[in-house]
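Trainee: My structure is below; once you've seen it, I'll send some questions.
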Amino acid sequence: MAKRQCGSSTLLFYECATNRVEVGVLDHRMANGQETSVHFTHTKRIVEAGIKLKLSEEAVSSAAVFYHTFYSVMTKENYDPNLVVMAALNLAAKVQEVPAKLSDVVNTCHRCLHQDSPPLEVGELYWQLKDSVARYELLLLRTLKFRLNIELPHKYLLHYLLALTRWTDEEVWQRSHVTTVAWALLQDSYHTTLCLHHHPTVIATAVLYLALHCCKLEVLGSRAADRSWWEVFSLGTSEEDLQNIAEKIMEVNDFKLASEKQR
């Protein structure tokens with residue numbers, strides 16, 4: 001436990017030696033200096049803590065967007081990502097109107113970070129963490145410029161999936177598991193900064209494009225049509241654009257595999 005100066009105020013710097021090793025190994029294995037490798041450990045923790053807190057998928061996704069937005073402006077050297085994760089989850093729960101107490105967020109995230117340690121007890125560390133997360137949340141709000149009503153790809157993906165069910169054979173569609181794969185890929189996309197660079201309709205279309213390829217399913221009549229199906233959903237988006245986004249999402253699997261090998 002240490003403290004670092006952040007502007008005019010002193011914020012608690014919360015870190016764990018085991019976590020530092022994990023991030024270092026991931027960065028070494030990727031060896032590409034990619035932004036995803038730097039933040040994967042922490043976006044993974046957002047998902048893990050979000051599930052344990054029983055937050056909605058939209059709330060977890062919002063927390064990831066808040067996290068990425070924060071570090072698009074700030075640096076990890078000056079602001080502890082573990083505290084940013086807690087602040088992002090707490091703020092996202094409020095925005096999406098999902099019940100989540102700050103104490104639950106702190107306890108759950110601490111447990112995810114220190115899985116082999118006893119649960120966090122009410123004491124000096126507990127109150128320091130709560131105070132620090134509250135401070136980080138204010139900093140996060142300022143970084144976001146208080147723009148909290150972010151648009152997510154979820155509703156678009158839902159509509160696109162429903163539309164494609166009418167363009168494909170129903171039995172083949174059910175056997176393909178495209179829907180399950182598409183939602184899983186959308187969740188994986190939040191381990192990257194795609195949410196900061198592309199409109200939600202483009203991300204939803206790219207996720208569906210990748211899911212169809214993974215399941216080896218072709219949209220009926222797409223070859224004979226005047227326009228490709230993805231142009232109907234996302235006007236002006238080329239297949240090359242979709243392939244570039246899909247490639248970034250697929251890279252997440254490499255980080256997942258590297259992370260699993262460390263356990």
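Residue numbering restarts at 1 in every chain; chains get A, B, ... in the order shown in the structure tokens, and ligands count up from 1 in that same order.
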Show which residues sit within 8 Å of Val85 (chain A), as a PyMOL selection string. Count only C-alpha atoms, and ignore same-chain residues fewer than 4 positions away.
Mentor: chain A and resi 42-43+45-46+63+67+81+89
Trainee: Which residues of region 35-89 of chain A come within 10 Å of region 153-169 of chain A, and for each one, what is the closest pair of atoms and their distance in Å to one decimal, counting only C-alpha atoms, sorted by chain and residue number, as JSON lines?
Mentor:
```
{"residue": "A:Glu57", "atom": "CA", "partner": "A:His154", "partner_atom": "CA", "distance": 8.9}
{"residue": "A:Glu58", "atom": "CA", "partner": "A:His154", "partner_atom": "CA", "distance": 7.6}
{"residue": "A:Ser61", "atom": "CA", "partner": "A:His154", "partner_atom": "CA", "distance": 9.4}
```
Trainee: Which of these residues is nearest to Cys195 (chain A), using only C-alpha atoms: A:Ser117, A:Gln243, A:Thr69, A:Gln174?
Mentor: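 Ranking A:Ser117, A:Gln243, A:Thr69, A:Gln174 by distance to Cys195 (chain A), first place goes to A:Thr69.
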Trainee: When you look at His197 (chain A) with a cut-off of 12 Å (counting only C-alpha atoms), what residues show up, excluding the ones that are within fewer than 2 positions of it in the same chain? I need them as a PyMOL selection string.
Mentor: chain A and resi 65+68-69+72+189-190+192-195+199-203+241+245
Trainee: Determine which residues of region 24-261 of chain A receive a DSSP assignment of alpha helix (DSSP H), computed from the backbone, and state them as a compact mmCIF listing (two decimals) with N, CA and C atoms, in the first residue's frame.
Mentor:
```
# COMPACT_ATOMS: atom_id res chain seq x y z
N GLY A 24 2.89 -8.02 -16.24
CA GLY A 24 4.20 -8.08 -16.88
C GLY A 24 4.34 -9.28 -17.79
N VAL A 25 3.85 -10.42 -17.35
CA VAL A 25 3.94 -11.63 -18.17
C VAL A 25 3.12 -11.48 -19.44
N LEU A 26 1.92 -10.92 -19.30
CA LEU A 26 1.07 -10.72 -20.48
C LEU A 26 1.75 -9.80 -21.49
N ASP A 27 2.29 -8.70 -21.01
CA ASP A 27 2.94 -7.76 -21.91
C ASP A 27 4.14 -8.40 -22.60
N HIS A 28 4.89 -9.23 -21.85
CA HIS A 28 6.08 -9.88 -22.42
C HIS A 28 5.67 -10.89 -23.49
N ARG A 29 4.61 -11.63 -23.23
CA ARG A 29 4.20 -12.66 -24.18
C ARG A 29 3.65 -12.04 -25.46
N MET A 30 2.92 -10.92 -25.34
CA MET A 30 2.37 -10.30 -26.54
C MET A 30 3.49 -9.63 -27.34
N GLU A 35 -2.21 -2.02 -27.14
CA GLU A 35 -2.94 -1.39 -26.04
C GLU A 35 -3.78 -2.41 -25.29
N THR A 36 -4.33 -3.39 -26.01
CA THR A 36 -5.18 -4.40 -25.37
C THR A 36 -4.41 -5.17 -24.31
N SER A 37 -3.14 -5.50 -24.59
CA SER A 37 -2.35 -6.28 -23.65
C SER A 37 -2.12 -5.54 -22.34
N VAL A 38 -2.07 -4.21 -22.43
CA VAL A 38 -1.82 -3.40 -21.24
C VAL A 38 -3.01 -3.43 -20.29
N HIS A 39 -4.21 -3.45 -20.85
CA HIS A 39 -5.41 -3.30 -20.03
C HIS A 39 -6.23 -4.58 -19.87
N PHE A 40 -5.83 -5.67 -20.54
CA PHE A 40 -6.66 -6.87 -20.53
C PHE A 40 -6.93 -7.39 -19.12
N THR A 41 -5.92 -7.42 -18.28
CA THR A 41 -6.08 -7.94 -16.91
C THR A 41 -7.18 -7.19 -16.18
N HIS A 42 -7.26 -5.89 -16.38
CA HIS A 42 -8.21 -5.08 -15.64
C HIS A 42 -9.61 -5.11 -16.25
N THR A 43 -9.71 -5.17 -17.57
CA THR A 43 -11.03 -5.31 -18.18
C THR A 43 -11.61 -6.70 -17.87
N LYS A 44 -10.72 -7.68 -17.76
CA LYS A 44 -11.17 -9.01 -17.35
C LYS A 44 -11.73 -8.97 -15.92
N ARG A 45 -11.09 -8.17 -15.08
CA ARG A 45 -11.55 -8.04 -13.70
C ARG A 45 -12.90 -7.31 -13.63
N ILE A 46 -13.13 -6.38 -14.54
CA ILE A 46 -14.43 -5.71 -14.61
C ILE A 46 -15.53 -6.72 -14.87
N VAL A 47 -15.28 -7.60 -15.82
CA VAL A 47 -16.28 -8.63 -16.16
C VAL A 47 -16.48 -9.59 -14.99
N GLU A 48 -15.38 -10.04 -14.40
CA GLU A 48 -15.46 -10.99 -13.28
C GLU A 48 -16.21 -10.40 -12.10
N ALA A 49 -15.86 -9.18 -11.71
CA ALA A 49 -16.53 -8.53 -10.58
C ALA A 49 -17.97 -8.21 -10.92
N GLY A 50 -18.22 -7.80 -12.16
CA GLY A 50 -19.59 -7.48 -12.58
C GLY A 50 -20.52 -8.67 -12.49
N ILE A 51 -20.00 -9.84 -12.85
CA ILE A 51 -20.80 -11.06 -12.76
C ILE A 51 -21.10 -11.40 -11.30
N LYS A 52 -20.09 -11.29 -10.45
CA LYS A 52 -20.28 -11.59 -9.03
C LYS A 52 -21.22 -10.60 -8.35
N GLU A 57 -25.52 -6.90 -18.20
CA GLU A 57 -24.47 -6.88 -19.22
C GLU A 57 -24.20 -5.45 -19.68
N GLU A 58 -25.27 -4.65 -19.73
CA GLU A 58 -25.10 -3.25 -20.13
C GLU A 58 -24.26 -2.48 -19.11
N ALA A 59 -24.45 -2.78 -17.82
CA ALA A 59 -23.69 -2.10 -16.78
C ALA A 59 -22.21 -2.48 -16.85
N VAL A 60 -21.94 -3.76 -17.06
CA VAL A 60 -20.55 -4.21 -17.17
C VAL A 60 -19.89 -3.58 -18.40
N SER A 61 -20.62 -3.54 -19.50
CA SER A 61 -20.08 -2.93 -20.73
C SER A 61 -19.83 -1.44 -20.53
N SER A 62 -20.75 -0.76 -19.84
CA SER A 62 -20.57 0.67 -19.56
C SER A 62 -19.33 0.90 -18.71
N ALA A 63 -19.10 0.03 -17.73
CA ALA A 63 -17.91 0.15 -16.89
C ALA A 63 -16.65 0.02 -17.73
N ALA A 64 -16.65 -0.90 -18.68
CA ALA A 64 -15.48 -1.07 -19.56
C ALA A 64 -15.27 0.17 -20.42
N VAL A 65 -16.35 0.76 -20.92
CA VAL A 65 -16.24 1.98 -21.72
C VAL A 65 -15.67 3.12 -20.87
N PHE A 66 -16.16 3.24 -19.63
CA PHE A 66 -15.65 4.28 -18.72
C PHE A 66 -14.15 4.08 -18.47
N TYR A 67 -13.78 2.82 -18.25
CA TYR A 67 -12.37 2.49 -17.99
C TYR A 67 -11.50 2.89 -19.18
N HIS A 68 -11.90 2.48 -20.39
CA HIS A 68 -11.10 2.79 -21.58
C HIS A 68 -11.05 4.29 -21.84
N THR A 69 -12.17 4.96 -21.62
CA THR A 69 -12.21 6.42 -21.83
C THR A 69 -11.25 7.12 -20.88
N PHE A 70 -11.23 6.66 -19.63
CA PHE A 70 -10.34 7.25 -18.64
C PHE A 70 -8.88 7.14 -19.07
N TYR A 71 -8.47 5.94 -19.51
CA TYR A 71 -7.07 5.73 -19.86
C TYR A 71 -6.73 6.19 -21.28
N SER A 72 -7.73 6.67 -22.01
CA SER A 72 -7.42 7.33 -23.28
C SER A 72 -6.89 8.74 -23.02
N VAL A 73 -7.12 9.22 -21.80
CA VAL A 73 -6.67 10.55 -21.39
C VAL A 73 -5.56 10.46 -20.35
N PRO A 81 -5.04 1.37 -11.87
CA PRO A 81 -6.15 0.76 -12.62
C PRO A 81 -7.11 -0.04 -11.74
N ASN A 82 -6.62 -0.59 -10.62
CA ASN A 82 -7.51 -1.34 -9.73
C ASN A 82 -8.58 -0.44 -9.13
N LEU A 83 -8.20 0.78 -8.79
CA LEU A 83 -9.16 1.74 -8.26
C LEU A 83 -10.07 2.27 -9.36
N VAL A 84 -9.53 2.40 -10.56
CA VAL A 84 -10.34 2.85 -11.69
C VAL A 84 -11.42 1.80 -12.01
N VAL A 85 -11.04 0.53 -11.91
CA VAL A 85 -12.01 -0.56 -12.12
C VAL A 85 -13.16 -0.45 -11.13
N MET A 86 -12.85 -0.26 -9.85
CA MET A 86 -13.89 -0.14 -8.83
C MET A 86 -14.78 1.07 -9.08
N ALA A 87 -14.16 2.19 -9.40
CA ALA A 87 -14.91 3.42 -9.65
C ALA A 87 -15.80 3.28 -10.88
N ALA A 88 -15.27 2.64 -11.93
CA ALA A 88 -16.03 2.46 -13.16
C ALA A 88 -17.25 1.56 -12.93
N LEU A 89 -17.07 0.48 -12.17
CA LEU A 89 -18.18 -0.42 -11.87
C LEU A 89 -19.24 0.29 -11.02
N ASN A 90 -18.79 1.04 -10.03
CA ASN A 90 -19.73 1.74 -9.17
C ASN A 90 -20.52 2.79 -9.94
N LEU A 91 -19.84 3.52 -10.81
CA LEU A 91 -20.51 4.54 -11.62
C LEU A 91 -21.44 3.91 -12.65
N ALA A 92 -21.00 2.84 -13.28
CA ALA A 92 -21.84 2.17 -14.29
C ALA A 92 -23.12 1.61 -13.68
N ALA A 93 -23.02 1.09 -12.46
CA ALA A 93 -24.21 0.57 -11.78
C ALA A 93 -25.22 1.68 -11.55
N LYS A 94 -24.73 2.86 -11.21
CA LYS A 94 -25.63 4.00 -11.01
C LYS A 94 -26.28 4.44 -12.33
N VAL A 95 -25.48 4.51 -13.39
CA VAL A 95 -25.97 4.96 -14.69
C VAL A 95 -27.03 4.00 -15.23
N LEU A 102 -21.51 0.66 -2.76
CA LEU A 102 -20.07 0.89 -2.89
C LEU A 102 -19.28 -0.14 -2.07
N SER A 103 -19.79 -0.48 -0.89
CA SER A 103 -19.11 -1.47 -0.06
C SER A 103 -19.05 -2.82 -0.74
N ASP A 104 -20.12 -3.19 -1.46
CA ASP A 104 -20.13 -4.46 -2.19
C ASP A 104 -19.13 -4.43 -3.35
N VAL A 105 -19.06 -3.30 -4.03
CA VAL A 105 -18.11 -3.17 -5.14
C VAL A 105 -16.68 -3.30 -4.62
N VAL A 106 -16.38 -2.61 -3.53
CA VAL A 106 -15.04 -2.66 -2.95
C VAL A 106 -14.69 -4.08 -2.50
N ASN A 107 -15.59 -4.72 -1.76
CA ASN A 107 -15.34 -6.07 -1.25
C ASN A 107 -15.17 -7.08 -2.38
N THR A 108 -16.03 -6.98 -3.40
CA THR A 108 -15.98 -7.93 -4.51
C THR A 108 -14.71 -7.78 -5.32
N CYS A 109 -14.35 -6.54 -5.64
CA CYS A 109 -13.13 -6.30 -6.42
C CYS A 109 -11.89 -6.69 -5.63
N HIS A 110 -11.90 -6.43 -4.34
CA HIS A 110 -10.76 -6.82 -3.50
C HIS A 110 -10.63 -8.34 -3.48
N ARG A 111 -11.76 -9.03 -3.42
CA ARG A 111 -11.75 -10.49 -3.41
C ARG A 111 -11.24 -11.05 -4.75
N CYS A 112 -11.62 -10.40 -5.85
CA CYS A 112 -11.15 -10.83 -7.17
C CYS A 112 -9.64 -10.64 -7.30
N LEU A 113 -9.14 -9.58 -6.69
CA LEU A 113 -7.71 -9.27 -6.77
C LEU A 113 -6.89 -10.14 -5.83
N GLU A 124 -9.07 -0.11 8.74
CA GLU A 124 -8.41 1.03 8.10
C GLU A 124 -8.34 0.88 6.59
N LEU A 125 -7.92 -0.33 6.11
CA LEU A 125 -7.81 -0.56 4.67
C LEU A 125 -9.17 -0.42 3.99
N TYR A 126 -10.20 -0.97 4.60
CA TYR A 126 -11.55 -0.90 4.04
C TYR A 126 -11.99 0.55 3.85
N TRP A 127 -11.83 1.38 4.88
CA TRP A 127 -12.26 2.78 4.78
C TRP A 127 -11.38 3.57 3.83
N GLN A 128 -10.09 3.23 3.75
CA GLN A 128 -9.21 3.89 2.80
C GLN A 128 -9.64 3.59 1.36
N LEU A 129 -9.97 2.33 1.13
CA LEU A 129 -10.40 1.94 -0.21
C LEU A 129 -11.70 2.63 -0.61
N LYS A 130 -12.67 2.67 0.30
CA LYS A 130 -13.95 3.33 0.00
C LYS A 130 -13.72 4.81 -0.31
N ASP A 131 -12.88 5.45 0.49
CA ASP A 131 -12.61 6.86 0.26
C ASP A 131 -11.89 7.08 -1.07
N SER A 132 -10.95 6.21 -1.38
CA SER A 132 -10.20 6.34 -2.63
C SER A 132 -11.08 6.10 -3.84
N VAL A 133 -11.95 5.11 -3.78
CA VAL A 133 -12.86 4.82 -4.89
C VAL A 133 -13.80 5.99 -5.12
N ALA A 134 -14.29 6.59 -4.04
CA ALA A 134 -15.17 7.76 -4.16
C ALA A 134 -14.43 8.91 -4.85
N ARG A 135 -13.15 9.10 -4.49
CA ARG A 135 -12.34 10.15 -5.12
C ARG A 135 -12.11 9.83 -6.61
N TYR A 136 -11.81 8.58 -6.89
CA TYR A 136 -11.58 8.18 -8.28
C TYR A 136 -12.85 8.32 -9.11
N GLU A 137 -14.00 8.09 -8.49
CA GLU A 137 -15.26 8.23 -9.22
C GLU A 137 -15.47 9.69 -9.64
N LEU A 138 -15.13 10.62 -8.76
CA LEU A 138 -15.23 12.04 -9.10
C LEU A 138 -14.26 12.38 -10.24
N LEU A 139 -13.06 11.81 -10.16
CA LEU A 139 -12.07 12.03 -11.22
C LEU A 139 -12.56 11.43 -12.53
N LEU A 140 -13.18 10.28 -12.45
CA LEU A 140 -13.73 9.62 -13.63
C LEU A 140 -14.83 10.46 -14.27
N LEU A 141 -15.68 11.03 -13.45
CA LEU A 141 -16.75 11.90 -13.95
C LEU A 141 -16.18 13.10 -14.69
N ARG A 142 -15.13 13.68 -14.14
CA ARG A 142 -14.51 14.83 -14.79
C ARG A 142 -13.87 14.42 -16.11
N THR A 143 -13.24 13.24 -16.13
CA THR A 143 -12.62 12.76 -17.37
C THR A 143 -13.67 12.50 -18.44
N HIS A 154 -25.58 -3.18 -27.90
CA HIS A 154 -26.44 -4.31 -27.55
C HIS A 154 -27.80 -4.29 -28.26
N LYS A 155 -28.46 -3.15 -28.24
CA LYS A 155 -29.80 -3.08 -28.84
C LYS A 155 -29.73 -3.29 -30.36
N TYR A 156 -28.64 -2.80 -30.97
CA TYR A 156 -28.49 -2.98 -32.41
C TYR A 156 -28.23 -4.44 -32.75
N LEU A 157 -27.38 -5.08 -31.98
CA LEU A 157 -27.09 -6.49 -32.22
C LEU A 157 -28.35 -7.33 -32.08
N LEU A 158 -29.17 -7.01 -31.08
CA LEU A 158 -30.43 -7.74 -30.89
C LEU A 158 -31.32 -7.62 -32.12
N HIS A 159 -31.48 -6.39 -32.64
CA HIS A 159 -32.32 -6.18 -33.82
C HIS A 159 -31.74 -6.86 -35.05
N TYR A 160 -30.41 -6.82 -35.19
CA TYR A 160 -29.77 -7.44 -36.35
C TYR A 160 -29.94 -8.97 -36.32
N LEU A 161 -29.81 -9.54 -35.14
CA LEU A 161 -30.00 -10.99 -35.00
C LEU A 161 -31.43 -11.39 -35.36
N LEU A 162 -32.39 -10.61 -34.89
CA LEU A 162 -33.80 -10.90 -35.21
C LEU A 162 -34.06 -10.78 -36.71
N ALA A 163 -33.42 -9.80 -37.35
CA ALA A 163 -33.59 -9.62 -38.79
C ALA A 163 -33.00 -10.79 -39.57
N LEU A 164 -31.82 -11.24 -39.15
CA LEU A 164 -31.16 -12.33 -39.87
C LEU A 164 -31.89 -13.66 -39.72
N THR A 165 -32.62 -13.83 -38.63
CA THR A 165 -33.38 -15.08 -38.48
C THR A 165 -34.43 -15.21 -39.57
N GLU A 170 -34.59 -21.46 -40.57
CA GLU A 170 -34.74 -21.47 -39.12
C GLU A 170 -33.99 -22.62 -38.46
N GLU A 171 -34.09 -23.81 -39.03
CA GLU A 171 -33.43 -24.98 -38.44
C GLU A 171 -31.91 -24.84 -38.48
N VAL A 172 -31.40 -24.35 -39.60
CA VAL A 172 -29.96 -24.15 -39.73
C VAL A 172 -29.48 -23.08 -38.75
N TRP A 173 -30.29 -22.04 -38.59
CA TRP A 173 -29.93 -20.97 -37.66
C TRP A 173 -29.82 -21.48 -36.22
N GLN A 174 -30.78 -22.30 -35.81
CA GLN A 174 -30.78 -22.83 -34.44
C GLN A 174 -29.57 -23.73 -34.20
N ARG A 175 -29.17 -24.49 -35.19
CA ARG A 175 -28.04 -25.40 -35.03
C ARG A 175 -26.71 -24.65 -35.02
N SER A 176 -26.68 -23.48 -35.59
CA SER A 176 -25.42 -22.76 -35.76
C SER A 176 -24.93 -22.06 -34.49
N VAL A 178 -25.32 -19.03 -33.68
CA VAL A 178 -24.81 -17.70 -34.01
C VAL A 178 -25.12 -16.70 -32.91
N THR A 179 -26.32 -16.78 -32.36
CA THR A 179 -26.73 -15.82 -31.33
C THR A 179 -25.80 -15.88 -30.12
N THR A 180 -25.53 -17.08 -29.63
CA THR A 180 -24.65 -17.25 -28.46
C THR A 180 -23.24 -16.75 -28.75
N VAL A 181 -22.74 -17.10 -29.93
CA VAL A 181 -21.39 -16.69 -30.31
C VAL A 181 -21.30 -15.17 -30.45
N ALA A 182 -22.33 -14.56 -31.05
CA ALA A 182 -22.33 -13.11 -31.26
C ALA A 182 -22.29 -12.35 -29.94
N TRP A 183 -23.08 -12.78 -28.95
CA TRP A 183 -23.09 -12.09 -27.65
C TRP A 183 -21.75 -12.26 -26.93
N ALA A 184 -21.15 -13.44 -27.08
CA ALA A 184 -19.84 -13.67 -26.45
C ALA A 184 -18.77 -12.79 -27.09
N LEU A 185 -18.83 -12.66 -28.41
CA LEU A 185 -17.85 -11.82 -29.11
C LEU A 185 -18.04 -10.35 -28.77
N LEU A 186 -19.29 -9.93 -28.59
CA LEU A 186 -19.54 -8.54 -28.21
C LEU A 186 -18.91 -8.25 -26.84
N GLN A 187 -19.05 -9.19 -25.92
CA GLN A 187 -18.42 -9.02 -24.61
C GLN A 187 -16.90 -8.95 -24.74
N ASP A 188 -16.34 -9.78 -25.61
CA ASP A 188 -14.88 -9.76 -25.83
C ASP A 188 -14.42 -8.42 -26.39
N SER A 189 -15.27 -7.77 -27.17
CA SER A 189 -14.86 -6.50 -27.79
C SER A 189 -14.54 -5.43 -26.77
N LEU A 194 -12.15 -0.63 -29.08
CA LEU A 194 -13.03 -0.46 -30.24
C LEU A 194 -14.21 0.44 -29.92
N CYS A 195 -14.69 0.36 -28.68
CA CYS A 195 -15.86 1.15 -28.26
C CYS A 195 -15.59 2.65 -28.33
N LEU A 196 -14.32 3.05 -28.35
CA LEU A 196 -13.97 4.46 -28.41
C LEU A 196 -13.82 4.97 -29.84
N HIS A 197 -13.66 4.05 -30.78
CA HIS A 197 -13.31 4.45 -32.15
C HIS A 197 -14.38 4.13 -33.19
N PRO A 200 -21.63 2.30 -32.37
CA PRO A 200 -22.21 1.02 -31.92
C PRO A 200 -22.80 0.17 -33.03
N THR A 201 -23.37 0.80 -34.07
CA THR A 201 -23.94 0.01 -35.18
C THR A 201 -22.84 -0.72 -35.93
N VAL A 202 -21.69 -0.10 -36.05
CA VAL A 202 -20.56 -0.73 -36.76
C VAL A 202 -20.03 -1.91 -35.95
N ILE A 203 -19.90 -1.72 -34.64
CA ILE A 203 -19.42 -2.80 -33.78
C ILE A 203 -20.39 -3.97 -33.80
N ALA A 204 -21.68 -3.68 -33.69
CA ALA A 204 -22.69 -4.75 -33.72
C ALA A 204 -22.65 -5.51 -35.04
N THR A 205 -22.48 -4.80 -36.13
CA THR A 205 -22.41 -5.45 -37.45
C THR A 205 -21.15 -6.30 -37.57
N ALA A 206 -20.03 -5.78 -37.08
CA ALA A 206 -18.76 -6.53 -37.14
C ALA A 206 -18.83 -7.79 -36.29
N VAL A 207 -19.44 -7.70 -35.12
CA VAL A 207 -19.60 -8.85 -34.24
C VAL A 207 -20.44 -9.93 -34.93
N LEU A 208 -21.51 -9.51 -35.58
CA LEU A 208 -22.37 -10.46 -36.29
C LEU A 208 -21.65 -11.05 -37.49
N TYR A 209 -20.88 -10.24 -38.17
CA TYR A 209 -20.08 -10.70 -39.32
C TYR A 209 -19.11 -11.80 -38.87
N LEU A 210 -18.43 -11.56 -37.75
CA LEU A 210 -17.47 -12.54 -37.23
C LEU A 210 -18.18 -13.80 -36.74
N ALA A 211 -19.32 -13.63 -36.08
CA ALA A 211 -20.07 -14.79 -35.58
C ALA A 211 -20.54 -15.69 -36.72
N LEU A 212 -20.98 -15.10 -37.81
CA LEU A 212 -21.42 -15.88 -38.97
C LEU A 212 -20.25 -16.67 -39.56
N HIS A 213 -19.08 -16.04 -39.61
CA HIS A 213 -17.91 -16.73 -40.14
C HIS A 213 -17.46 -17.84 -39.20
N CYS A 214 -17.51 -17.58 -37.89
CA CYS A 214 -17.12 -18.62 -36.92
C CYS A 214 -18.04 -19.83 -37.01
N TRP A 229 -25.51 -7.77 -46.82
CA TRP A 229 -26.38 -7.62 -45.65
C TRP A 229 -25.83 -6.62 -44.65
N TRP A 230 -24.49 -6.52 -44.55
CA TRP A 230 -23.92 -5.61 -43.57
C TRP A 230 -24.11 -4.14 -43.98
N GLU A 231 -24.25 -3.90 -45.29
CA GLU A 231 -24.51 -2.53 -45.74
C GLU A 231 -25.92 -2.08 -45.39
N VAL A 232 -26.80 -3.03 -45.26
CA VAL A 232 -28.17 -2.71 -44.84
C VAL A 232 -28.18 -2.28 -43.38
N PHE A 233 -27.38 -2.95 -42.57
CA PHE A 233 -27.34 -2.66 -41.14
C PHE A 233 -26.47 -1.44 -40.81
N GLU A 239 -16.55 -4.19 -46.12
CA GLU A 239 -16.18 -5.50 -45.56
C GLU A 239 -14.78 -5.44 -44.95
N GLU A 240 -13.92 -4.61 -45.51
CA GLU A 240 -12.57 -4.45 -44.95
C GLU A 240 -12.64 -3.86 -43.54
N ASP A 241 -13.55 -2.90 -43.34
CA ASP A 241 -13.74 -2.32 -42.01
C ASP A 241 -14.16 -3.40 -41.01
N LEU A 242 -15.09 -4.24 -41.42
CA LEU A 242 -15.58 -5.31 -40.55
C LEU A 242 -14.47 -6.31 -40.24
N GLN A 243 -13.67 -6.62 -41.24
CA GLN A 243 -12.57 -7.57 -41.04
C GLN A 243 -11.52 -7.03 -40.07
N ASN A 244 -11.24 -5.75 -40.16
CA ASN A 244 -10.27 -5.13 -39.24
C ASN A 244 -10.77 -5.18 -37.80
N ILE A 245 -12.05 -4.88 -37.61
CA ILE A 245 -12.63 -4.94 -36.26
C ILE A 245 -12.65 -6.38 -35.77
N ALA A 246 -13.05 -7.30 -36.64
CA ALA A 246 -13.10 -8.72 -36.27
C ALA A 246 -11.72 -9.23 -35.86
N GLU A 247 -10.70 -8.77 -36.55
CA GLU A 247 -9.33 -9.20 -36.23
C GLU A 247 -8.93 -8.76 -34.82
N LYS A 248 -9.31 -7.54 -34.46
CA LYS A 248 -8.99 -7.04 -33.11
C LYS A 248 -9.74 -7.83 -32.04
N ILE A 249 -10.97 -8.21 -32.34
CA ILE A 249 -11.74 -9.00 -31.36
C ILE A 249 -11.13 -10.39 -31.21
N MET A 250 -10.69 -10.97 -32.30
CA MET A 250 -10.10 -12.30 -32.25
C MET A 250 -8.79 -12.30 -31.48
N GLU A 251 -8.08 -11.17 -31.47
CA GLU A 251 -6.83 -11.09 -30.72
C GLU A 251 -7.05 -11.28 -29.22
N VAL A 252 -8.26 -11.00 -28.76
CA VAL A 252 -8.58 -11.15 -27.34
C VAL A 252 -8.40 -12.61 -26.91
N ASN A 253 -8.66 -13.54 -27.82
CA ASN A 253 -8.48 -14.96 -27.49
C ASN A 253 -7.04 -15.28 -27.11
N ASP A 254 -6.09 -14.59 -27.75
CA ASP A 254 -4.67 -14.81 -27.41
C ASP A 254 -4.39 -14.39 -25.98
N PHE A 255 -5.01 -13.26 -25.58
CA PHE A 255 -4.81 -12.78 -24.21
C PHE A 255 -5.49 -13.71 -23.20
N LYS A 256 -6.63 -14.24 -23.59
CA LYS A 256 -7.33 -15.18 -22.71
C LYS A 256 -6.50 -16.43 -22.48
N LEU A 257 -5.92 -16.94 -23.57
CA LEU A 257 -5.10 -18.15 -23.47
C LEU A 257 -3.86 -17.89 -22.61
N ALA A 258 -3.23 -16.73 -22.82
CA ALA A 258 -2.05 -16.38 -22.03
C ALA A 258 -2.39 -16.24 -20.56
N SER A 259 -3.57 -15.69 -20.31
CA SER A 259 -4.01 -15.50 -18.92
C SER A 259 -4.30 -16.85 -18.26
N GLU A 260 -4.92 -17.76 -19.00
CA GLU A 260 -5.24 -19.08 -18.44
C GLU A 260 -3.98 -19.88 -18.11
N LYS A 261 -2.94 -19.72 -18.92
CA LYS A 261 -1.70 -20.47 -18.70
C LYS A 261 -0.99 -20.04 -17.43
```
Trainee: Just give me the gap between CA of Leu148 (chain A) and CA of Ser234 (chain A) in Å, one decimal is fine.
Mentor: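 Atom-to-atom, CA of Leu148 (chain A) and CA of Ser234 (chain A) are spaced 24.3 Å apart.
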